[in-house]
>>> print(open('start25.cif').read())   # mmCIF, C-alpha atoms and all ligand atoms
data_target
loop_
_atom_site.label_atom_id
_atom_site.label_comp_id
_atom_site.auth_asym_id
_atom_site.auth_seq_id
_atom_site.Cartn_x
_atom_site.Cartn_y
_atom_site.Cartn_z
CA MET A 1 0.00 0.00 0.00
CA LYS A 2 1.54 3.28 -1.12
CA VAL A 3 -0.08 6.45 0.19
CA LEU A 4 0.52 10.10 -0.66
CA VAL A 5 -0.01 12.28 2.40
CA VAL A 6 -0.51 15.89 1.37
CA GLY A 7 0.23 18.11 4.36
CA GLY A 8 2.15 15.31 6.08
CA ALA A 9 4.39 17.81 7.87
CA GLY A 10 1.48 19.45 9.68
CA TYR A 11 -0.14 18.64 13.01
CA ILE A 12 -2.59 15.92 12.03
CA GLY A 13 -0.72 14.91 8.87
CA SER A 14 2.49 14.14 10.75
CA HIS A 15 0.63 11.87 13.17
CA MET A 16 -0.95 10.20 10.14
CA VAL A 17 2.41 9.51 8.50
CA LYS A 18 3.47 7.76 11.69
CA ALA A 19 0.22 5.77 11.89
CA LEU A 20 0.41 4.71 8.23
CA HIS A 21 4.01 3.60 8.63
CA ALA A 22 3.08 1.59 11.73
CA ASP A 23 0.29 0.02 9.67
CA GLY A 24 2.82 -1.13 7.07
CA ALA A 25 2.17 1.46 4.37
CA ASP A 26 4.79 3.09 2.20
CA VAL A 27 4.29 6.84 2.70
CA ILE A 28 5.31 9.85 0.61
CA THR A 29 4.67 13.31 2.07
CA LEU A 30 3.96 16.31 -0.12
CA ASP A 31 4.13 19.55 1.85
CA ASP A 32 5.13 23.10 1.00
CA LEU A 33 6.29 23.62 4.61
CA SER A 34 4.39 26.91 4.78
CA SER A 35 3.13 25.88 8.20
CA GLY A 36 4.39 22.33 8.63
CA HIS A 37 7.80 21.17 9.87
CA ALA A 38 10.05 18.84 7.88
CA ASP A 39 11.37 17.27 11.11
CA ALA A 40 7.82 16.22 12.01
CA VAL A 41 7.80 13.72 9.15
CA LEU A 42 9.19 10.63 10.86
CA HIS A 43 8.94 8.20 7.93
CA GLY A 44 9.23 8.11 4.16
CA GLN A 45 10.25 10.69 1.63
CA VAL A 46 9.25 14.36 1.86
CA VAL A 47 8.61 16.21 -1.38
CA ARG A 48 8.69 19.92 -0.72
CA GLY A 49 6.16 21.69 -2.85
CA SER A 50 2.62 22.83 -3.28
CA ILE A 51 -0.48 21.31 -4.83
CA ALA A 52 -0.79 24.66 -6.61
CA ASP A 53 2.10 23.44 -8.75
CA THR A 54 0.51 21.21 -11.41
CA ALA A 55 3.88 20.36 -12.99
CA LEU A 56 5.12 19.11 -9.61
CA LEU A 57 1.94 17.05 -9.17
CA GLN A 58 2.53 15.55 -12.60
CA ARG A 59 6.08 14.56 -11.58
CA VAL A 60 5.05 13.12 -8.21
CA PHE A 61 2.23 11.04 -9.67
CA SER A 62 4.46 9.83 -12.52
CA ALA A 63 7.22 8.80 -10.12
CA HIS A 64 4.98 6.76 -7.79
CA ARG A 65 2.01 4.46 -8.17
CA PHE A 66 -0.20 5.53 -5.26
CA ASP A 67 -3.02 3.37 -3.98
CA ALA A 68 -4.58 6.32 -2.18
CA VAL A 69 -4.17 9.98 -1.26
CA MET A 70 -4.87 11.62 2.10
CA HIS A 71 -5.20 15.39 2.08
CA PHE A 72 -4.45 17.43 5.22
CA ALA A 73 -3.04 20.59 3.65
CA SER A 74 -5.36 23.53 4.12
CA PHE A 75 -5.70 26.91 5.71
CA ILE A 76 -7.64 26.48 8.96
CA GLN A 77 -8.21 29.82 10.66
CA VAL A 78 -11.87 30.71 10.72
CA GLY A 79 -11.46 34.41 11.58
CA GLU A 80 -8.78 34.93 8.95
CA SER A 81 -11.03 33.29 6.34
CA VAL A 82 -13.69 35.92 7.04
CA ARG A 83 -11.25 38.84 6.74
CA ASP A 84 -9.47 37.49 3.68
CA PRO A 85 -11.40 34.68 1.95
CA ALA A 86 -9.49 34.62 -1.35
CA PRO A 87 -6.52 32.49 -0.17
CA TYR A 88 -8.98 30.10 1.48
CA TYR A 89 -10.86 29.46 -1.74
CA ARG A 90 -7.64 29.31 -3.73
CA ASN A 91 -5.77 26.95 -1.46
CA ASN A 92 -8.55 24.85 0.02
CA VAL A 93 -10.72 24.54 -3.10
CA LEU A 94 -8.80 25.30 -6.31
CA ASN A 95 -5.56 23.68 -5.24
CA THR A 96 -7.46 20.64 -4.00
CA GLN A 97 -9.02 20.38 -7.43
CA ASN A 98 -5.52 20.35 -8.96
CA LEU A 99 -4.75 17.42 -6.73
CA LEU A 100 -7.93 15.56 -7.70
CA GLU A 101 -7.26 16.13 -11.40
CA ALA A 102 -3.72 14.81 -11.07
CA MET A 103 -5.15 11.76 -9.32
CA LEU A 104 -7.66 11.19 -12.12
CA ALA A 105 -5.01 11.66 -14.78
CA HIS A 106 -2.96 8.90 -13.13
CA GLY A 107 -5.83 6.57 -12.28
CA VAL A 108 -5.58 7.05 -8.49
CA LYS A 109 -9.13 6.73 -7.22
CA ARG A 110 -9.06 6.60 -3.44
CA PHE A 111 -9.10 9.81 -1.44
CA VAL A 112 -9.45 10.61 2.25
CA PHE A 113 -10.28 14.24 2.94
CA SER A 114 -9.91 16.27 6.12
CA SER A 115 -13.19 18.08 6.54
CA THR A 116 -14.57 19.92 9.54
CA ALA A 117 -17.53 20.52 11.82
CA ALA A 118 -17.52 24.03 10.31
CA VAL A 119 -19.53 22.63 7.35
CA PHE A 120 -22.59 22.64 9.65
CA GLY A 121 -22.45 26.28 10.70
CA GLU A 122 -24.53 27.32 13.71
CA PRO A 123 -25.96 24.01 15.00
CA ALA A 124 -29.70 23.51 14.62
CA TYR A 125 -29.38 20.71 17.21
CA THR A 126 -26.67 18.80 19.05
CA PRO A 127 -25.17 16.27 18.99
CA ILE A 128 -24.62 16.85 15.28
CA ASP A 129 -25.12 13.81 13.06
CA GLU A 130 -24.59 13.50 9.31
CA LYS A 131 -28.22 14.47 8.59
CA HIS A 132 -27.72 17.89 10.15
CA PRO A 133 -28.19 20.73 7.61
CA LEU A 134 -25.02 21.97 5.92
CA ALA A 135 -24.88 25.74 6.34
CA PRO A 136 -21.36 27.11 6.90
CA ILE A 137 -21.10 30.57 8.44
CA ASN A 138 -17.57 31.38 7.25
CA PRO A 139 -15.42 30.94 4.12
CA TYR A 140 -13.33 28.27 5.83
CA GLY A 141 -16.40 26.07 6.29
CA TRP A 142 -17.59 26.82 2.77
CA SER A 143 -14.23 25.90 1.29
CA LYS A 144 -14.40 22.48 2.94
CA LEU A 145 -18.03 21.95 1.97
CA MET A 146 -17.23 22.83 -1.66
CA VAL A 147 -14.63 20.09 -1.75
CA GLU A 148 -17.10 17.66 -0.17
CA GLN A 149 -19.51 18.50 -2.99
CA MET A 150 -16.81 18.06 -5.63
CA LEU A 151 -15.99 14.67 -4.19
CA GLN A 152 -19.61 13.60 -4.35
CA ASP A 153 -19.73 14.58 -8.01
CA TYR A 154 -16.35 13.01 -8.81
CA ARG A 155 -17.53 9.79 -7.22
CA ARG A 156 -20.61 9.65 -9.42
CA ALA A 157 -18.97 10.80 -12.65
CA TYR A 158 -15.45 9.38 -12.44
CA GLY A 159 -15.74 6.58 -9.91
CA MET A 160 -13.35 8.30 -7.51
CA ALA A 161 -14.00 6.78 -4.08
CA SER A 162 -13.60 9.18 -1.15
CA VAL A 163 -14.20 9.53 2.54
CA CYS A 164 -14.70 12.97 4.10
CA LEU A 165 -13.89 13.00 7.80
CA ARG A 166 -15.35 15.95 9.65
CA TYR A 167 -13.18 16.57 12.65
CA PHE A 168 -14.67 18.36 15.59
CA ASN A 169 -11.85 19.75 17.78
CA ALA A 170 -8.63 17.90 17.04
CA ALA A 171 -6.42 17.91 20.13
CA GLY A 172 -3.77 15.97 22.02
CA ALA A 173 -0.42 14.66 20.84
CA ASP A 174 1.35 11.44 19.95
CA PRO A 175 1.22 9.27 23.12
CA ASP A 176 4.87 8.27 22.47
CA GLY A 177 5.83 11.94 22.75
CA GLU A 178 7.40 12.13 19.28
CA LEU A 179 4.91 14.55 17.75
CA GLY A 180 2.52 17.30 18.77
CA GLU A 181 0.81 20.52 17.84
CA ARG A 182 3.14 23.26 16.53
CA HIS A 183 1.00 25.93 14.89
CA GLU A 184 2.55 29.34 14.36
CA PRO A 185 0.72 31.40 15.45
CA GLU A 186 -1.15 29.07 17.78
CA THR A 187 -4.89 29.79 17.98
CA HIS A 188 -6.26 26.57 19.46
CA LEU A 189 -7.49 26.43 23.02
CA ILE A 190 -5.66 23.46 24.52
CA PRO A 191 -2.11 24.33 23.39
CA LEU A 192 -2.66 27.96 24.44
CA VAL A 193 -3.90 26.89 27.88
CA LEU A 194 -0.85 24.67 28.28
CA GLN A 195 1.51 27.43 27.17
CA ALA A 196 -0.04 29.56 29.94
CA ALA A 197 0.47 26.66 32.37
CA ALA A 198 4.13 26.46 31.32
CA GLY A 199 4.57 30.19 31.85
CA ARG A 200 5.14 30.86 28.14
CA ARG A 201 2.08 33.13 28.15
CA PRO A 202 0.94 35.39 30.97
CA HIS A 203 -2.64 34.06 30.88
CA ILE A 204 -5.29 32.36 28.78
CA THR A 205 -7.96 34.59 27.33
CA ILE A 206 -11.51 33.25 27.40
CA PHE A 207 -13.44 34.52 24.39
CA GLY A 208 -16.82 35.23 25.95
CA ASP A 209 -18.53 33.95 29.09
CA ASP A 210 -22.04 35.01 28.15
CA TYR A 211 -23.03 32.07 25.94
CA ASP A 212 -26.10 30.02 26.66
CA THR A 213 -24.11 27.11 28.11
CA LEU A 214 -23.61 25.66 31.59
CA ASP A 215 -20.97 28.23 32.63
CA GLY A 216 -21.36 30.73 29.80
CA THR A 217 -18.26 29.60 27.85
CA CYS A 218 -18.27 27.72 24.53
CA VAL A 219 -18.62 23.96 24.50
CA ARG A 220 -16.55 21.79 22.14
CA ASP A 221 -16.00 18.10 21.45
CA TYR A 222 -12.25 17.43 21.73
CA VAL A 223 -11.00 14.39 19.86
CA HIS A 224 -7.51 12.92 20.17
CA VAL A 225 -5.33 13.23 17.08
CA THR A 226 -4.43 9.54 17.37
CA ASP A 227 -8.11 8.63 17.24
CA LEU A 228 -8.49 10.77 14.12
CA CYS A 229 -5.65 8.78 12.58
CA SER A 230 -7.31 5.47 13.39
CA ALA A 231 -10.48 6.71 11.63
CA HIS A 232 -8.36 7.49 8.56
CA LEU A 233 -6.88 4.00 8.55
CA LEU A 234 -10.37 2.50 8.77
CA ALA A 235 -11.56 4.76 5.95
CA LEU A 236 -8.62 3.69 3.82
CA ARG A 237 -9.36 0.05 4.51
CA ARG A 238 -12.94 0.55 3.42
CA LEU A 239 -11.94 2.26 0.20
CA THR A 240 -9.40 -0.47 -0.52
CA ALA A 241 -12.13 -3.07 -0.06
CA GLY A 242 -14.03 -1.40 -2.91
CA ASP A 243 -16.39 0.87 -1.01
CA ALA A 244 -17.37 4.16 -2.67
CA GLY A 245 -16.95 6.09 0.59
CA GLY A 246 -19.03 8.65 2.43
CA ARG A 247 -18.93 11.41 5.03
CA PHE A 248 -18.46 10.90 8.75
CA ASN A 249 -18.44 13.12 11.82
CA LEU A 250 -15.57 12.45 14.21
CA GLY A 251 -15.87 13.41 17.86
CA ASN A 252 -16.37 11.78 21.24
CA GLY A 253 -19.97 12.92 21.65
CA GLU A 254 -19.20 14.79 24.84
CA GLY A 255 -18.85 18.55 25.11
CA PHE A 256 -16.53 20.47 27.44
CA SER A 257 -16.70 24.20 28.09
CA VAL A 258 -13.65 26.44 27.87
CA GLN A 259 -13.78 26.71 31.69
CA GLN A 260 -13.87 22.92 32.01
CA VAL A 261 -10.87 22.58 29.72
CA ILE A 262 -8.93 25.07 31.84
CA ALA A 263 -9.97 23.32 35.08
CA THR A 264 -8.86 19.95 33.68
CA ALA A 265 -5.57 21.48 32.52
CA ARG A 266 -4.99 22.80 36.06
CA GLN A 267 -5.50 19.29 37.43
CA VAL A 268 -3.28 17.63 34.84
CA THR A 269 -0.43 20.14 35.09
CA GLY A 270 -0.68 21.04 38.76
CA ARG A 271 -0.06 24.62 37.67
CA ASP A 272 -1.97 27.77 38.26
CA ILE A 273 -3.36 29.04 34.96
CA PRO A 274 -4.28 32.73 35.02
CA VAL A 275 -7.43 33.56 33.09
CA ARG A 276 -8.74 36.72 31.52
CA VAL A 277 -12.23 37.03 30.09
CA GLU A 278 -12.68 39.06 26.94
CA SER A 279 -15.48 39.52 24.45
CA ARG A 280 -16.67 36.81 22.10
CA ARG A 281 -14.56 35.80 19.11
CA GLU A 282 -16.48 36.28 15.89
CA GLY A 283 -18.01 33.17 14.35
CA ASP A 284 -17.83 30.89 17.41
CA PRO A 285 -20.95 28.72 17.81
CA ALA A 286 -21.91 28.18 21.46
CA ARG A 287 -21.86 24.41 21.29
CA LEU A 288 -20.37 21.90 18.84
CA VAL A 289 -20.72 18.25 19.79
CA ALA A 290 -20.57 15.31 17.38
CA ASP A 291 -22.78 12.32 17.00
CA ALA A 292 -20.17 9.94 15.58
CA GLY A 293 -22.52 6.96 15.54
CA GLU A 294 -22.06 6.40 11.81
CA ALA A 295 -18.27 6.35 12.06
CA ARG A 296 -18.61 3.77 14.82
CA ARG A 297 -21.19 1.65 13.00
CA ILE A 298 -19.94 1.87 9.43
CA LEU A 299 -16.18 2.38 9.81
CA GLY A 300 -15.94 0.42 13.06
CA TRP A 301 -14.26 3.42 14.72
CA ALA A 302 -13.65 3.13 18.46
CA PRO A 303 -11.83 6.14 19.94
CA ARG A 304 -9.29 4.99 22.51
CA HIS A 305 -8.28 8.34 23.99
CA ALA A 306 -11.69 9.91 24.57
CA ASP A 307 -11.00 11.11 28.10
CA LEU A 308 -10.33 14.88 28.16
CA ALA A 309 -7.70 14.55 30.91
CA ALA A 310 -5.86 11.94 28.81
CA ILE A 311 -5.96 14.23 25.76
CA ILE A 312 -4.58 17.13 27.81
CA ARG A 313 -1.96 14.87 29.45
CA ASP A 314 -0.52 13.93 26.05
CA ALA A 315 -0.58 17.57 24.90
CA TRP A 316 1.13 18.60 28.17
CA ALA A 317 3.89 16.03 27.73
CA TRP A 318 4.54 17.52 24.29
CA GLU A 319 4.44 21.09 25.61
CA ARG A 320 6.99 20.21 28.29
CA ARG A 321 9.36 18.80 25.66
CA SER A 322 9.18 22.00 23.63
CA SER A 323 9.46 24.40 26.59
CA PRO A 324 11.99 23.86 29.36
N1 LIG A 401 -10.92 29.87 22.87
C1 LIG A 401 -10.70 30.75 23.91
N2 LIG A 401 -9.48 31.32 24.02
C2 LIG A 401 -8.46 31.08 23.15
C3 LIG A 401 -8.68 30.18 22.09
C4 LIG A 401 -9.92 29.57 21.97
O1 LIG A 401 -11.59 31.02 24.72
O2 LIG A 401 -7.39 31.66 23.31
C5 LIG A 401 -12.22 29.21 22.75
C6 LIG A 401 -12.90 29.51 21.43
O3 LIG A 401 -13.65 30.69 21.51
C7 LIG A 401 -13.75 28.24 21.25
C8 LIG A 401 -12.95 27.15 21.95
O4 LIG A 401 -12.03 27.83 22.80
O5 LIG A 401 -14.95 28.41 21.93
C9 LIG A 401 -12.18 26.29 20.99
O6 LIG A 401 -11.46 27.13 20.12
P1 LIG A 401 -10.37 26.58 19.09
O7 LIG A 401 -9.83 27.77 18.36
O8 LIG A 401 -9.42 25.68 19.79
O9 LIG A 401 -11.20 25.67 18.11
P2 LIG A 401 -12.50 26.05 17.25
O10 LIG A 401 -13.64 25.36 17.89
O11 LIG A 401 -12.65 27.48 17.00
O12 LIG A 401 -12.04 25.50 15.84
C10 LIG A 401 -11.90 24.18 15.53
C11 LIG A 401 -10.88 24.05 14.39
C12 LIG A 401 -11.36 24.77 13.18
C13 LIG A 401 -12.73 24.31 12.83
C14 LIG A 401 -13.65 24.43 14.01
C15 LIG A 401 -15.00 23.87 13.71
O13 LIG A 401 -9.66 24.60 14.79
O14 LIG A 401 -10.49 24.51 12.12
O15 LIG A 401 -13.11 23.71 15.11
O16 LIG A 401 -14.84 22.57 13.32
F1 LIG A 401 -13.25 25.06 11.85
#
>>> encode(input="start25.cif", output="structure tokens")
Amino acid sequence: MKVLVVGGAGYIGSHMVKALHADGADVITLDDLSSGHADAVLHGQVVRGSIADTALLQRVFSAHRFDAVMHFASFIQVGESVRDPAPYYRNNVLNTQNLLEAMLAHGVKRFVFSSTAAVFGEPAYTPIDEKHPLAPINPYGWSKLMVEQMLQDYRRAYGMASVCLRYFNAAGADPDGELGERHEPETHLIPLVLQAAAGRRPHITIFGDDYDTLDGTCVRDYVHVTDLCSAHLLALRRLTAGDAGGRFNLGNGEGFSVQQVIATARQVTGRDIPVRVESRREGDPARLVADAGEARRILGWAPRHADLAAIIRDAWAWERRSSP
């Protein structure tokens, strides 16, 4: 099994390269290193370049016979996508189409796509299952939904099998301590909380405590990066067995508020974590919790690191390696 991992130097992609290697696959990473780190790719060859570069895609697909492609390379900041949508549509949609066309041109017809809970927009109900209406409220969510739509059409017209995995809040780090989250700038809650615990930030800012939730702060469904990887392996197995694919929500089905995350981080780290409350961040739904029943039933997915304290413990071990 030879797999091309696009964005394999990024947070989730680098964990995936490790998981694929452990599963016996031959992995090639394609990454432009605009936000990823070459030293995070623990196995296989790294091709430095962008999926915007169709000549490069042509060379990569001519040099290797891939059984499947996994695509993690995208811009992910919701607020930025509202202020400046053009790069989001260019990178997340147009460049992804380049990739799909290169796949078609070389007869590669299995694709696993990193999608997001942002395709649902403001939840009409929670937990969110796959029947929930698709109504993104920002360009980031739209860019992912557009690719989902393309994949549906490519499946019907060209027989390209694909699985879209809609992550809720990816979190945690490699339990072996070899990999973790290294966004620059970091915008995600758990790494920021842990940087505050480590003294690398003066405090954690809570974006709004006036939501209609148990303590007024936003509720999210945090899912361990290793569990996301296991869902990808199951998706790949299904595609390899001849399945046409589908779309699955990935989360643990349990929501934690920002305050609860901070309280758990205090327990895990034993550190005082100073908090400041500021106004709401634009575009944040009050509550995002997944119903991942279909992933469990159809893919056979069984998250093994669902406990929030365990997720934070792994992220903390990584944080302590990167900060003295
Ligand atoms: N938050 C804070 N302070 C911070 C950072 C975050 O209070 O310094 C809050 C946010 O307001 C939100 C929660 O913590 O309520 C989680 O925020 P993250 O930025 O960690 O994650 P999001 O839920 O905003 O975003 C994640 C992914 C996106 C994806 C979105 C919906 O990072 O790519 O889920 O799926 F679009």
>>> residues_around(input="start25.cif", residues="stretch 73-76 of chain A", least_positions_apart="6", cutoff="6 Å", atoms="only C-alpha atoms", output="number ranges by chain")
A: 6-7, 92
>>> write_last_selection(input="start25.cif", atoms="C-alpha atoms", output="mmCIF file, in the coordinates of the input")
data_model
loop_
_atom_site.group_PDB
_atom_site.id
_atom_site.type_symbol
_atom_site.label_atom_id
_atom_site.label_comp_id
_atom_site.auth_asym_id
_atom_site.auth_seq_id
_atom_site.Cartn_x
_atom_site.Cartn_y
_atom_site.Cartn_z
ATOM 1 C CA VAL A 6 -0.510 15.890 1.370
ATOM 2 C CA GLY A 7 0.230 18.110 4.360
ATOM 3 C CA ASN A 92 -8.550 24.850 0.020
#
>>> closest_residue(input="start25.cif", among="A:Asp291, A:Asp31, A:Asp221, A:Asp153", to="ligand LIG 401 (chain A)", atoms="only C-alpha atoms and all ligand atoms")
A:Asp221
>>> residues_around(input="start25.cif", residues="A:Asp272", least_positions_apart="3", cutoff="9 Å", atoms="all atoms listed in the file", output="PyMOL selection string")
chain A and resi 196-197+266+269
>>> residues_near_ligand(input="start25.cif", ligand="ligand LIG 401 (chain A)", cutoff="9 Å", atoms="all atoms listed in the file", output="number ranges by chain")
A: 75-79, 115-121, 138, 140-141, 166-171, 186-193, 204-209, 217-222, 257-259, 261, 277-278, 280-288
>>> residues_around(input="start25.cif", residues="A:Ala302", least_positions_apart="2", cutoff="12 Å", atoms="only C-alpha atoms", output="list of chain:residue names")
A:Val223, A:His224, A:Thr226, A:Asp227, A:Leu228, A:Cys229, A:Ser230, A:Ala231, A:Leu234, A:Leu250, A:Gly251, A:Asn252, A:Ala292, A:Gly293, A:Glu294, A:Ala295, A:Arg296, A:Arg297, A:Ile298, A:Leu299, A:Gly300, A:Arg304, A:His305, A:Ala306
>>> residues_near_point(input="start25.cif", point="(5.4, 11.7, 20.3)", cutoff="10 Å", atoms="all atoms listed in the file", output="JSON, numbers by chain")
{"A": [15, 18, 40, 173, 174, 175, 176, 177, 178, 179, 180, 314, 315, 317, 318, 321]}
>>> atom_distance(input="start25.cif", atom1="atom CA of A:Ser114", atom2="atom CA of A:Met146")
12.5 Å
>>> residues_around(input="start25.cif", residues="A:Phe113", least_positions_apart="2", cutoff="10 Å", atoms="all atoms listed in the file", output="JSON, numbers by chain")
{"A": [69, 70, 71, 72, 73, 96, 111, 115, 116, 144, 147, 148, 151, 162, 163, 164, 165, 166, 232, 247]}
>>> atom_distance(input="start25.cif", atom1="atom CA of A:Ala68", atom2="atom CA of A:Ala38")
21.7 Å
>>> closest_residue(input="start25.cif", among="A:Gly216, A:Ser322, A:Arg271, A:Ala161", to="A:Leu236", atoms="all atoms listed in the file")
A:Ala161
>>> atom_distance(input="start25.cif", atom1="atom CA of A:Ala290", atom2="atom CA of A:Pro127")
5.0 Å
>>> residues_near_point(input="start25.cif", point="(-18.7, 1.2, -1.9)", cutoff="12 Å", atoms="only C-alpha atoms", output="PyMOL selection string")
chain A and resi 110+155-156+159-163+235-246+298
>>> closest_residue(input="start25.cif", among="A:Gln267, A:Ser279, A:Asn249, A:Gln58", to="A:Asp129", atoms="all atoms listed in the file")
A:Asn249
>>> closest_residue(input="start25.cif", among="A:Pro123, A:Pro303, A:Gly270, A:Gly10", to="A:Asp32", atoms="only C-alpha atoms")
A:Gly10
>>> closest_residue(input="start25.cif", among="A:Ala309, A:Ala9, A:Leu233, A:Val27", to="A:Val268", atoms="only C-alpha atoms")
A:Ala309
>>> decode(input="start25.cif", residues="stretch 196-215 of chain A", atoms="C-alpha atoms", output="tab-separated table (two decimals), in the first residue's frame")
chain	number	residue	atom	x	y	z
A	196	ALA	CA	-0.04	29.56	29.94
A	197	ALA	CA	0.47	26.66	32.37
A	198	ALA	CA	4.13	26.46	31.32
A	199	GLY	CA	4.57	30.19	31.85
A	200	ARG	CA	5.14	30.86	28.14
A	201	ARG	CA	2.08	33.13	28.15
A	202	PRO	CA	0.94	35.39	30.97
A	203	HIS	CA	-2.64	34.06	30.88
A	204	ILE	CA	-5.29	32.36	28.78
A	205	THR	CA	-7.96	34.59	27.33
A	206	ILE	CA	-11.51	33.25	27.40
A	207	PHE	CA	-13.44	34.52	24.39
A	208	GLY	CA	-16.82	35.23	25.95
A	209	ASP	CA	-18.53	33.95	29.09
A	210	ASP	CA	-22.04	35.01	28.15
A	211	TYR	CA	-23.03	32.07	25.94
A	212	ASP	CA	-26.10	30.02	26.66
A	213	THR	CA	-24.11	27.11	28.11
A	214	LEU	CA	-23.61	25.66	31.59
A	215	ASP	CA	-20.97	28.23	32.63
